[in-house]
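Engineer: Have a peek at final-v8.txt (compact mmCIF, C-alpha atoms).
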```txt
# COMPACT_ATOMS: atom_id res chain seq x y z
CA MET N 1 12.20 4.35 32.34
CA THR N 2 13.84 5.96 29.35
CA TYR N 3 12.38 5.34 25.90
CA GLN N 4 15.12 2.80 25.09
CA GLU N 5 14.54 1.00 28.41
CA THR N 6 10.84 0.91 27.60
CA LEU N 7 11.51 -0.67 24.20
CA ASP N 8 13.90 -3.17 25.77
CA PHE N 9 11.18 -4.13 28.25
CA MET N 10 8.57 -4.49 25.53
CA PHE N 11 10.73 -6.63 23.29
CA ALA N 12 12.20 -8.77 26.07
CA GLN N 13 9.22 -9.29 28.35
CA LEU N 14 6.31 -9.51 25.96
CA PRO N 15 6.15 -12.16 23.23
CA MET N 16 6.38 -10.70 19.72
CA TYR N 17 5.39 -12.91 16.81
CA GLN N 18 7.38 -10.94 14.26
CA ARG N 19 10.58 -11.61 16.23
CA ILE N 20 10.22 -15.12 17.64
CA GLY N 21 7.46 -16.71 15.57
CA ALA N 22 4.90 -19.33 16.55
CA ALA N 23 5.66 -19.28 20.28
CA ALA N 24 4.20 -15.76 20.48
CA TYR N 25 0.99 -16.47 18.55
CA LYS N 26 -2.20 -16.46 20.61
CA ALA N 27 -5.43 -17.71 19.04
CA ASP N 28 -7.56 -15.86 21.57
CA ILE N 29 -9.01 -12.36 21.38
CA GLN N 30 -10.34 -12.34 24.96
CA PRO N 31 -7.19 -10.80 26.51
CA THR N 32 -7.55 -7.84 24.15
CA ILE N 33 -11.24 -7.46 25.05
CA ASP N 34 -10.30 -7.46 28.75
CA PHE N 35 -7.49 -4.97 28.09
CA MET N 36 -9.83 -2.62 26.24
CA ALA N 37 -12.30 -2.75 29.13
CA ALA N 38 -9.55 -1.93 31.63
CA LEU N 39 -8.53 1.05 29.49
CA GLY N 40 -12.09 2.36 29.32
CA ASN N 41 -12.85 0.92 25.88
CA PRO N 42 -10.92 3.45 23.78
CA GLU N 43 -11.76 1.47 20.62
CA ARG N 44 -15.33 2.79 20.89
CA LYS N 45 -14.27 6.44 20.99
CA PHE N 46 -13.17 6.93 17.38
CA ARG N 47 -14.41 5.92 13.95
CA SER N 48 -12.32 3.43 12.02
CA ILE N 49 -11.67 1.50 8.83
CA HIS N 50 -10.39 -2.08 9.24
CA VAL N 51 -8.05 -3.55 6.59
CA ALA N 52 -7.15 -7.25 6.28
CA GLY N 53 -5.64 -9.41 3.54
CA THR N 54 -2.66 -11.58 2.71
CA ASN N 55 -0.88 -8.94 0.63
CA GLY N 56 -1.42 -5.24 0.08
CA LYS N 57 -3.13 -4.42 3.36
CA GLY N 58 -0.29 -2.14 4.41
CA SER N 59 -0.25 -0.19 1.14
CA VAL N 60 -4.06 0.05 1.11
CA SER N 61 -4.05 1.32 4.70
CA HIS N 62 -1.49 3.99 3.85
CA PHE N 63 -3.39 5.06 0.73
CA LEU N 64 -6.65 5.41 2.67
CA ALA N 65 -4.97 7.35 5.48
CA SER N 66 -3.35 9.72 2.98
CA ILE N 67 -6.64 10.33 1.15
CA LEU N 68 -8.54 11.01 4.37
CA GLN N 69 -5.78 13.33 5.55
CA GLU N 70 -6.05 15.29 2.30
CA ALA N 71 -9.81 15.45 2.85
CA GLY N 72 -9.16 17.39 6.04
CA TYR N 73 -9.60 14.69 8.67
CA LYS N 74 -7.37 14.00 11.65
CA VAL N 75 -6.34 10.47 10.76
CA GLY N 76 -4.87 7.76 12.95
CA LEU N 77 -2.94 4.98 11.23
CA TYR N 78 -2.06 1.67 12.88
CA THR N 79 0.15 -0.74 10.92
CA SER N 80 2.59 -3.57 11.61
CA PRO N 81 5.34 -4.55 11.71
CA HIS N 82 7.65 -1.56 11.91
CA LEU N 83 10.82 -1.41 9.83
CA VAL N 84 13.20 0.87 11.74
CA ASP N 85 11.39 2.61 14.60
CA PHE N 86 8.67 0.98 16.74
CA ARG N 87 6.71 4.24 16.56
CA GLU N 88 6.12 3.73 12.81
CA ARG N 89 3.21 1.50 13.87
CA ILE N 90 1.20 4.38 15.35
CA ARG N 91 0.79 7.68 13.50
CA ILE N 92 -1.59 10.64 13.36
CA ASN N 93 -1.56 12.57 10.09
CA GLY N 94 1.77 10.94 9.30
CA ASP N 95 3.48 11.89 12.55
CA MET N 96 4.70 9.06 14.76
CA ILE N 97 3.54 8.75 18.35
CA SER N 98 6.00 10.48 20.68
CA GLN N 99 8.58 8.57 22.68
CA GLN N 100 7.22 10.04 25.90
CA THR N 101 3.69 8.83 25.14
CA VAL N 102 5.01 5.29 24.69
CA VAL N 103 6.98 5.50 27.95
CA ASP N 104 4.03 6.90 29.92
CA PHE N 105 1.61 4.25 28.63
CA VAL N 106 3.93 1.34 29.42
CA GLU N 107 4.75 2.66 32.89
CA ALA N 108 1.06 3.21 33.67
CA ASN N 109 0.01 -0.27 32.54
CA ARG N 110 2.86 -2.64 33.44
CA ARG N 111 0.82 -4.33 36.16
CA LEU N 112 -2.08 -4.75 33.74
CA PHE N 113 0.23 -6.35 31.16
CA ALA N 114 1.29 -8.91 33.75
CA ASP N 115 -2.19 -9.56 35.16
CA LEU N 116 -3.66 -10.18 31.70
CA HIS N 117 -0.56 -11.99 30.33
CA LEU N 118 -0.60 -9.74 27.29
CA SER N 119 1.47 -10.33 24.19
CA PHE N 120 3.56 -7.61 22.55
CA PHE N 121 0.93 -7.16 19.85
CA GLU N 122 -1.98 -6.95 22.30
CA MET N 123 -0.19 -4.30 24.32
CA THR N 124 0.69 -2.32 21.19
CA VAL N 125 -2.90 -2.38 19.97
CA GLY N 126 -3.99 -1.03 23.35
CA LEU N 127 -1.39 1.73 23.13
CA ALA N 128 -2.57 2.71 19.65
CA PHE N 129 -6.27 2.74 20.45
CA ASP N 130 -5.77 4.60 23.72
CA TYR N 131 -3.65 7.18 21.87
CA PHE N 132 -6.18 7.64 19.07
CA ALA N 133 -9.00 8.08 21.59
CA ARG N 134 -7.06 10.59 23.72
CA GLU N 135 -6.01 12.58 20.65
CA LYS N 136 -9.61 12.54 19.37
CA VAL N 137 -8.84 11.42 15.83
CA ASP N 138 -11.70 11.79 13.35
CA ILE N 139 -10.98 8.39 11.83
CA ALA N 140 -8.37 5.66 12.25
CA VAL N 141 -7.23 3.25 9.57
CA VAL N 142 -6.35 -0.01 11.32
CA GLU N 143 -4.36 -2.76 9.62
CA VAL N 144 -4.91 -6.33 10.82
CA GLY N 145 -1.79 -8.05 12.14
CA MET N 146 -2.54 -11.63 11.11
CA GLY N 147 -5.73 -13.28 9.91
CA GLY N 148 -8.68 -11.29 11.17
CA ARG N 149 -11.14 -13.26 13.27
CA LEU N 150 -8.82 -13.63 16.27
CA ASP N 151 -6.53 -10.68 15.61
CA SER N 152 -6.23 -8.18 18.45
CA THR N 153 -7.41 -5.35 16.21
CA ASN N 154 -10.75 -7.10 15.72
CA VAL N 155 -12.27 -5.42 18.77
CA ILE N 156 -13.27 -2.40 16.67
CA THR N 157 -16.59 -1.92 14.89
CA PRO N 158 -15.52 0.06 11.81
CA LEU N 159 -17.37 2.17 9.27
CA LEU N 160 -15.94 -0.11 6.58
CA SER N 161 -14.12 -3.43 6.43
CA VAL N 162 -11.61 -4.05 3.63
CA ILE N 163 -10.11 -7.42 2.63
CA THR N 164 -7.48 -7.04 -0.08
CA ASN N 165 -6.93 -10.64 -1.19
CA ILE N 166 -6.25 -14.17 0.00
CA GLY N 167 -3.02 -16.13 -0.43
CA LEU N 168 -1.29 -19.04 1.23
CA ASP N 169 0.65 -17.46 4.08
CA HIS N 170 0.82 -18.23 7.81
CA THR N 171 -0.84 -21.55 6.97
CA GLN N 172 0.22 -23.07 10.30
CA PHE N 173 -2.13 -20.60 12.01
CA LEU N 174 -4.81 -19.69 9.48
CA GLY N 175 -5.35 -22.91 7.52
CA ASP N 176 -3.82 -24.68 4.54
CA THR N 177 -6.35 -23.75 1.85
CA LEU N 178 -7.52 -20.43 0.44
CA GLU N 179 -11.03 -21.18 1.68
CA LYS N 180 -9.88 -21.73 5.28
CA ILE N 181 -7.77 -18.58 5.25
CA ALA N 182 -10.71 -16.62 3.79
CA VAL N 183 -12.85 -17.70 6.75
CA GLU N 184 -10.27 -16.21 9.12
CA LYS N 185 -10.03 -12.96 7.14
CA ALA N 186 -13.83 -12.77 6.88
CA GLY N 187 -13.87 -12.63 10.66
CA ILE N 188 -13.48 -8.84 10.44
CA ILE N 189 -16.87 -8.53 8.69
CA LYS N 190 -19.27 -6.97 11.22
CA PRO N 191 -23.07 -7.00 11.25
CA GLY N 192 -24.45 -4.28 8.98
CA VAL N 193 -20.99 -2.88 8.16
CA PRO N 194 -20.12 -2.68 4.43
CA VAL N 195 -17.16 -4.77 3.26
CA VAL N 196 -14.97 -4.25 0.21
CA VAL N 197 -13.02 -7.21 -1.16
CA GLY N 198 -10.15 -6.22 -3.41
CA GLU N 199 -9.77 -9.31 -5.60
CA THR N 200 -12.40 -11.72 -6.85
CA GLN N 201 -11.00 -15.23 -6.41
CA PRO N 202 -13.08 -18.32 -7.26
CA GLU N 203 -12.03 -20.15 -4.10
CA THR N 204 -12.80 -17.28 -1.74
CA LYS N 205 -15.69 -15.33 -3.27
CA PRO N 206 -18.35 -17.77 -1.97
CA VAL N 207 -16.87 -17.56 1.54
CA PHE N 208 -17.06 -13.77 1.62
CA GLU N 209 -20.54 -13.69 0.08
CA ARG N 210 -21.82 -16.23 2.61
CA VAL N 211 -20.38 -14.45 5.66
CA ALA N 212 -21.53 -11.04 4.40
CA ALA N 213 -25.07 -12.39 3.86
CA GLU N 214 -25.13 -13.98 7.33
CA ARG N 215 -24.14 -10.64 8.86
CA ASN N 216 -26.28 -8.46 6.61
CA ALA N 217 -23.12 -6.66 5.48
CA PRO N 218 -23.28 -5.09 1.99
CA ILE N 219 -20.38 -6.50 -0.05
CA THR N 220 -18.48 -4.98 -2.98
CA PHE N 221 -15.74 -6.59 -5.08
CA ALA N 222 -13.45 -3.73 -6.06
CA ASP N 223 -12.00 -5.37 -9.17
CA ALA N 224 -15.50 -5.61 -10.64
CA ARG N 225 -15.67 -1.80 -10.54
CA HIS N 226 -12.12 -0.63 -11.17
CA HIS N 227 -9.25 -1.68 -13.42
CA VAL N 228 -6.02 0.27 -13.13
CA GLU N 229 -3.91 0.39 -16.28
CA ARG N 230 -1.06 2.60 -15.12
CA ILE N 231 0.16 3.33 -11.59
CA GLY N 232 1.56 6.68 -12.71
CA ASP N 233 -1.97 7.92 -13.37
CA TYR N 234 -2.44 7.87 -9.59
CA THR N 235 0.94 8.25 -7.93
CA GLU N 236 4.59 8.68 -8.84
CA GLU N 237 5.68 7.91 -5.26
CA LEU N 238 5.11 4.14 -5.40
CA GLU N 239 6.15 1.54 -7.94
CA GLY N 240 5.43 -2.16 -8.39
CA GLU N 241 2.82 -3.67 -10.69
CA TYR N 242 1.01 -5.13 -7.66
CA GLN N 243 0.04 -1.57 -6.66
CA LYS N 244 -2.52 -1.64 -9.49
CA LYS N 245 -4.62 -4.09 -7.47
CA ASN N 246 -4.12 -2.09 -4.29
CA ILE N 247 -5.20 1.13 -6.01
CA ALA N 248 -8.33 -0.59 -7.36
CA THR N 249 -9.11 -1.77 -3.82
CA VAL N 250 -8.69 1.76 -2.48
CA LEU N 251 -10.96 3.19 -5.19
CA GLY N 252 -13.60 0.61 -4.31
CA ALA N 253 -13.34 1.53 -0.64
CA VAL N 254 -13.70 5.24 -1.39
CA ASP N 255 -16.74 4.48 -3.57
CA VAL N 256 -18.47 2.81 -0.64
CA LEU N 257 -17.50 5.49 1.87
CA CYS N 258 -18.88 8.18 -0.43
CA ALA N 259 -22.02 6.21 -1.34
CA THR N 260 -22.89 5.62 2.30
CA ARG N 261 -22.06 9.28 3.10
CA THR N 262 -20.12 8.21 6.18
CA LEU N 263 -17.16 10.39 5.16
CA ALA N 264 -16.85 13.28 2.72
CA ILE N 265 -14.01 12.67 0.27
CA PRO N 266 -13.82 15.27 -2.52
CA ALA N 267 -12.35 14.15 -5.85
CA ASP N 268 -9.35 16.45 -5.46
CA ALA N 269 -8.59 14.95 -2.03
CA LEU N 270 -8.66 11.50 -3.59
CA ARG N 271 -6.19 12.57 -6.27
CA ARG N 272 -3.86 14.34 -3.84
CA GLY N 273 -4.01 11.52 -1.33
CA MET N 274 -3.07 8.92 -3.92
CA ALA N 275 -0.30 11.10 -5.35
CA ARG N 276 1.22 11.97 -1.96
CA VAL N 277 0.91 8.64 -0.12
CA VAL N 278 4.61 8.37 0.77
CA THR N 279 4.93 12.06 1.62
CA ASN N 280 1.85 11.96 3.87
CA THR N 281 2.27 8.58 5.58
CA HIS N 282 5.95 7.67 5.12
CA LEU N 283 5.29 4.23 3.65
CA GLN N 284 8.55 2.32 3.17
CA GLY N 285 9.90 -0.92 1.74
CA ARG N 286 7.61 -1.31 -1.28
CA TRP N 287 9.89 -1.35 -4.33
CA GLN N 288 11.84 1.41 -2.62
CA THR N 289 14.93 2.90 -4.25
CA ILE N 290 17.83 3.15 -1.78
CA GLY N 291 20.66 3.75 -4.28
CA ARG N 292 21.43 4.63 -7.88
CA GLU N 293 24.15 3.67 -10.37
CA PRO N 294 23.63 0.85 -9.79
CA LEU N 295 19.91 1.13 -9.07
CA THR N 296 19.34 -0.55 -5.69
CA ILE N 297 15.81 -1.60 -4.75
CA CYS N 298 14.31 -2.89 -1.48
CA GLU N 299 11.18 -5.01 -1.74
CA THR N 300 9.37 -6.59 1.22
CA ALA N 301 7.79 -9.46 -0.78
CA HIS N 302 8.01 -12.61 1.34
CA ASN N 303 5.18 -14.93 0.31
CA ALA N 304 4.12 -16.50 -3.00
CA PRO N 305 1.64 -13.83 -4.19
CA GLY N 306 3.98 -11.01 -3.19
CA ILE N 307 6.96 -12.67 -4.83
CA ASP N 308 5.07 -13.21 -8.09
CA ALA N 309 4.02 -9.56 -8.08
CA MET N 310 7.65 -8.55 -7.52
CA LEU N 311 8.76 -10.75 -10.41
CA GLY N 312 6.15 -9.10 -12.63
CA LYS N 313 7.64 -5.69 -11.86
CA LEU N 314 11.18 -6.98 -12.34
CA ALA N 315 10.31 -8.21 -15.83
CA THR N 316 9.52 -4.62 -16.87
CA MET N 317 12.81 -3.18 -15.59
CA PRO N 318 15.71 -2.31 -17.92
CA PHE N 319 19.01 -3.55 -16.47
CA ALA N 320 22.16 -5.25 -17.69
CA ALA N 321 22.65 -7.74 -14.84
CA LEU N 322 20.86 -8.60 -11.59
CA HIS N 323 22.51 -8.88 -8.18
CA VAL N 324 20.20 -10.43 -5.57
CA VAL N 325 20.63 -9.92 -1.82
CA TYR N 326 18.38 -12.41 -0.06
CA GLY N 327 17.56 -13.33 3.53
CA CYS N 328 14.48 -14.79 5.20
CA VAL N 329 12.95 -16.01 8.44
CA ASN N 330 13.02 -19.63 9.51
CA ASP N 331 9.32 -20.44 9.15
CA LYS N 332 9.11 -19.82 5.40
CA ASP N 333 9.44 -22.57 2.76
CA TYR N 334 12.71 -21.03 1.67
CA ARG N 335 13.90 -23.99 -0.42
CA LYS N 336 10.79 -23.77 -2.57
CA ILE N 337 11.05 -19.97 -2.76
CA LEU N 338 14.73 -20.07 -3.75
CA THR N 339 14.05 -22.63 -6.49
CA HIS N 340 11.17 -20.55 -7.85
CA LEU N 341 13.13 -17.30 -7.80
CA HIS N 342 16.20 -18.86 -9.42
CA ALA N 343 14.12 -20.25 -12.28
CA GLU N 344 12.32 -16.93 -12.82
CA PHE N 345 15.56 -14.93 -12.74
CA ALA N 346 17.01 -17.29 -15.35
CA ARG N 347 13.95 -16.68 -17.55
CA LEU N 348 14.82 -13.00 -17.73
CA GLY N 349 17.76 -13.95 -19.96
CA LYS N 350 20.25 -11.72 -18.17
CA PRO N 351 23.23 -12.49 -15.90
CA PHE N 352 22.41 -12.71 -12.21
CA ASP N 353 24.08 -13.72 -8.96
CA TRP N 354 23.15 -14.27 -5.30
CA ARG N 355 24.29 -12.96 -1.93
CA PHE N 356 22.83 -14.24 1.33
CA SER N 357 22.40 -12.61 4.73
CA GLN N 358 20.35 -13.05 7.90
CA PRO N 359 17.64 -10.71 9.22
CA SER N 360 18.57 -9.47 12.69
CA VAL N 361 15.60 -10.98 14.54
CA PRO N 362 15.49 -14.28 16.44
CA ARG N 363 13.35 -15.77 13.64
CA GLY N 364 16.03 -14.93 11.09
CA LEU N 365 17.27 -18.02 9.25
CA PRO N 366 21.03 -18.40 9.93
CA VAL N 367 22.88 -17.41 6.80
CA ALA N 368 24.91 -20.66 6.84
CA ASP N 369 21.68 -22.68 6.75
CA LEU N 370 20.31 -20.53 3.93
CA GLN N 371 23.51 -20.86 1.91
CA ALA N 372 23.53 -24.65 2.42
CA ALA N 373 19.88 -24.95 1.38
CA ALA N 374 20.61 -22.88 -1.71
CA ARG N 375 23.50 -25.14 -2.66
CA GLU N 376 21.26 -28.19 -2.32
CA THR N 377 19.03 -26.66 -4.99
CA GLY N 378 21.96 -25.80 -7.26
CA ILE N 379 22.29 -22.13 -6.29
CA ASP N 380 25.69 -20.71 -5.44
CA GLY N 381 25.98 -17.50 -3.46
CA ASN N 382 28.28 -15.85 -0.96
CA ALA N 383 27.24 -15.42 2.67
CA PHE N 384 27.57 -12.16 4.58
CA ALA N 385 27.38 -11.37 8.27
CA ASN N 386 24.80 -8.65 7.72
CA VAL N 387 22.77 -7.08 4.95
CA LYS N 388 24.83 -3.90 4.93
CA GLU N 389 27.93 -5.88 3.92
CA ALA N 390 25.96 -7.87 1.35
CA ILE N 391 24.58 -4.73 -0.29
CA ALA N 392 27.99 -3.06 -0.30
CA ASP N 393 29.52 -6.10 -2.00
CA ALA N 394 26.74 -6.27 -4.58
CA ARG N 395 27.05 -2.59 -5.42
CA ALA N 396 30.83 -2.85 -5.69
CA ALA N 397 30.53 -5.75 -8.12
CA ALA N 398 27.80 -4.13 -10.21
CA ASP N 399 28.12 -1.89 -13.24
CA PRO N 400 26.11 1.36 -13.27
CA ALA N 401 23.50 -0.22 -15.59
CA ASP N 402 22.92 -3.20 -13.29
CA LEU N 403 20.18 -3.72 -10.68
CA VAL N 404 20.68 -4.71 -7.04
CA LEU N 405 17.54 -6.27 -5.53
CA VAL N 406 17.27 -6.69 -1.74
CA THR N 407 14.39 -8.99 -0.80
CA GLY N 408 13.14 -12.05 1.08
CA SER N 409 11.90 -10.64 4.38
CA ILE N 410 10.39 -7.51 5.87
CA PHE N 411 13.09 -7.74 8.53
CA LEU N 412 15.94 -7.88 6.02
CA ILE N 413 14.52 -4.70 4.48
CA ALA N 414 14.29 -3.15 7.93
CA ASP N 415 17.99 -3.87 8.43
CA ALA N 416 18.80 -2.36 5.03
CA LEU N 417 16.86 0.82 5.75
CA ALA N 418 18.34 1.12 9.24
```
Hey, can you dump this file as structure tokens for me?
Structural biologist:
Amino acid sequence: MTYQETLDFMFAQLPMYQRIGAAAYKADIQPTIDFMAALGNPERKFRSIHVAGTNGKGSVSHFLASILQEAGYKVGLYTSPHLVDFRERIRINGDMISQQTVVDFVEANRRLFADLHLSFFEMTVGLAFDYFAREKVDIAVVEVGMGGRLDSTNVITPLLSVITNIGLDHTQFLGDTLEKIAVEKAGIIKPGVPVVVGETQPETKPVFERVAAERNAPITFADARHHVERIGDYTEELEGEYQKKNIATVLGAVDVLCATRTLAIPADALRRGMARVVTNTHLQGRWQTIGREPLTICETAHNAPGIDAMLGKLATMPFAALHVVYGCVNDKDYRKILTHLHAEFARLGKPFDWRFSQPSVPRGLPVADLQAAARETGIDGNAFANVKEAIADARAAADPADLVLVTGSIFLIADALA
């Protein structure tokens, strides 16, 4: 198969939660365990750091990978979902896995995929772990896909577990309270393995302390040790006020790694890794500038905590008028989100308008449905066939001092970047 034929097979034959939603979700880690055994247990052949959380786990994973790379290690990085190229999910020292490696792995294991009835995510985790083992990485930073306890990545026993925070997202799978979701995230805590929790939350702190005690896992709350006043003191490559919490989480994780002497991370490697996170790991979609005059920003915020963090950043921005390009997937409470955003935009005291589009994945909410729902809540906006047309229209209508904000879904941002 060619690389494109391989991707077509993967996307068409193997369920993929990010594309089709609940039908692809499997609350069972046993297929991944069986897959790892069939592959010779590659997950046991490299050291790792495991990162979970409702928001920030991607940024934290990229920060840690960049720091470890600057410290001289050969660093694997597994994240999801991808924005433009599938291979973004699997990197070593910032370089994506090769197309040929993807093709060879899929061709070699197609029968195994069928025999084990593997999902897209399970197969991709196997590809990543097999690749990291074969390439003999010194350390891999592994981002959880969803939850933690039953996530396919949870077959590793890491040097350190990190849980950024807990918010109400994927409640149909993980539970409808912060406490229930915390139990799922706490599933990555392993016996005797230190865990760093990024944010101290009254509803979730007792859950993490209880699970850590049961598993004899030393626990650290990063925000009790670190408070970040200014992002620019650490990096000029990322913006967004929410990065303050992510940076504090990263600093807490580095503290523990250094204290336990599991990895050597010199102070200058920490500084360079933080400063060069985008250069080293190619992180995208987090308050990312894709145009100027008017300033055009992409932001992947898609749940309540992420949206509130985005609004906090927006409140600090100087602009004359705001032009919002919005699209989402069909399993979000988009009516509630639209109402909240509209009210917060109005509070800014500046003119603003809406444009709607549809992410190009099967889960994408049809733009006509989104526009109708918006009208029901008193929001008027024009509908566009794709995000490219919506952005072009917003930029054409904007003055140079205005701001165009593209948001609502990771997949809308992927379309914009593509």
Engineer: Could you tell me how far atom CA of Gly192 of chain N sits from atom CA of Ile163 of chain N, in Å to one decimal place?
Structural biologist: 16.0 Å
Engineer: Could you please give me, as number ranges by chain, the residues of protein, DNA or RNA lying at most 8 Å from (-9.0, 11.4, 12.4) in the coordinate frame of the file, considering only C-alpha atoms?
Structural biologist: N: 46-47, 69, 73-76, 92-93, 136-140
Engineer: With C-alpha atoms retained, write the just-selected residues as an mmCIF file, in the frame of the given file.
Structural biologist:
```cif
data_model
loop_
_atom_site.group_PDB
_atom_site.id
_atom_site.type_symbol
_atom_site.label_atom_id
_atom_site.label_comp_id
_atom_site.auth_asym_id
_atom_site.auth_seq_id
_atom_site.Cartn_x
_atom_site.Cartn_y
_atom_site.Cartn_z
ATOM 1 C CA PHE N 46 -13.170 6.930 17.380
ATOM 2 C CA ARG N 47 -14.410 5.920 13.950
ATOM 3 C CA GLN N 69 -5.780 13.330 5.550
ATOM 4 C CA TYR N 73 -9.600 14.690 8.670
ATOM 5 C CA LYS N 74 -7.370 14.000 11.650
ATOM 6 C CA VAL N 75 -6.340 10.470 10.760
ATOM 7 C CA GLY N 76 -4.870 7.760 12.950
ATOM 8 C CA ILE N 92 -1.590 10.640 13.360
ATOM 9 C CA ASN N 93 -1.560 12.570 10.090
ATOM 10 C CA LYS N 136 -9.610 12.540 19.370
ATOM 11 C CA VAL N 137 -8.840 11.420 15.830
ATOM 12 C CA ASP N 138 -11.700 11.790 13.350
ATOM 13 C CA ILE N 139 -10.980 8.390 11.830
ATOM 14 C CA ALA N 140 -8.370 5.660 12.250
#
```
Engineer: I need the residue nearest Asp402 of chain N from this list: N:Asn386, N:Thr279, N:Ser66, N:Thr296. Use all atoms listed in the file for the distance.
Structural biologist: N:Thr296
Engineer: Please return the centre and edge lengths, in Å to one decimal, of a box with edges along x, y and z that contains all listed atoms of segment 264-276 of chain N, widened by 6 Å on every side, as AutoDock Vina command-line options.
Structural biologist:
```
--center_x -7.8 --center_y 12.7 --center_z -1.8 --size_x 30.1 --size_y 19.5 --size_z 21.0
```
Engineer: Identify which of the residues N:His62, N:His82, N:Arg134, N:Arg271 lies closest to Arg44 of chain N, counting all atoms listed in the file when measuring atom-to-atom distances.
Structural biologist: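 Nearest candidate to Arg44 of chain N out of N:His62, N:His82, N:Arg134, N:Arg271: N:Arg134.
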Engineer: Atom CA of Asn165 of chain N to atom CA of Gly56 of chain N: how many Å, to one decimal?
Structural biologist: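 Going from atom CA of Asn165 of chain N over to atom CA of Gly56 of chain N, I get 7.8 Å.
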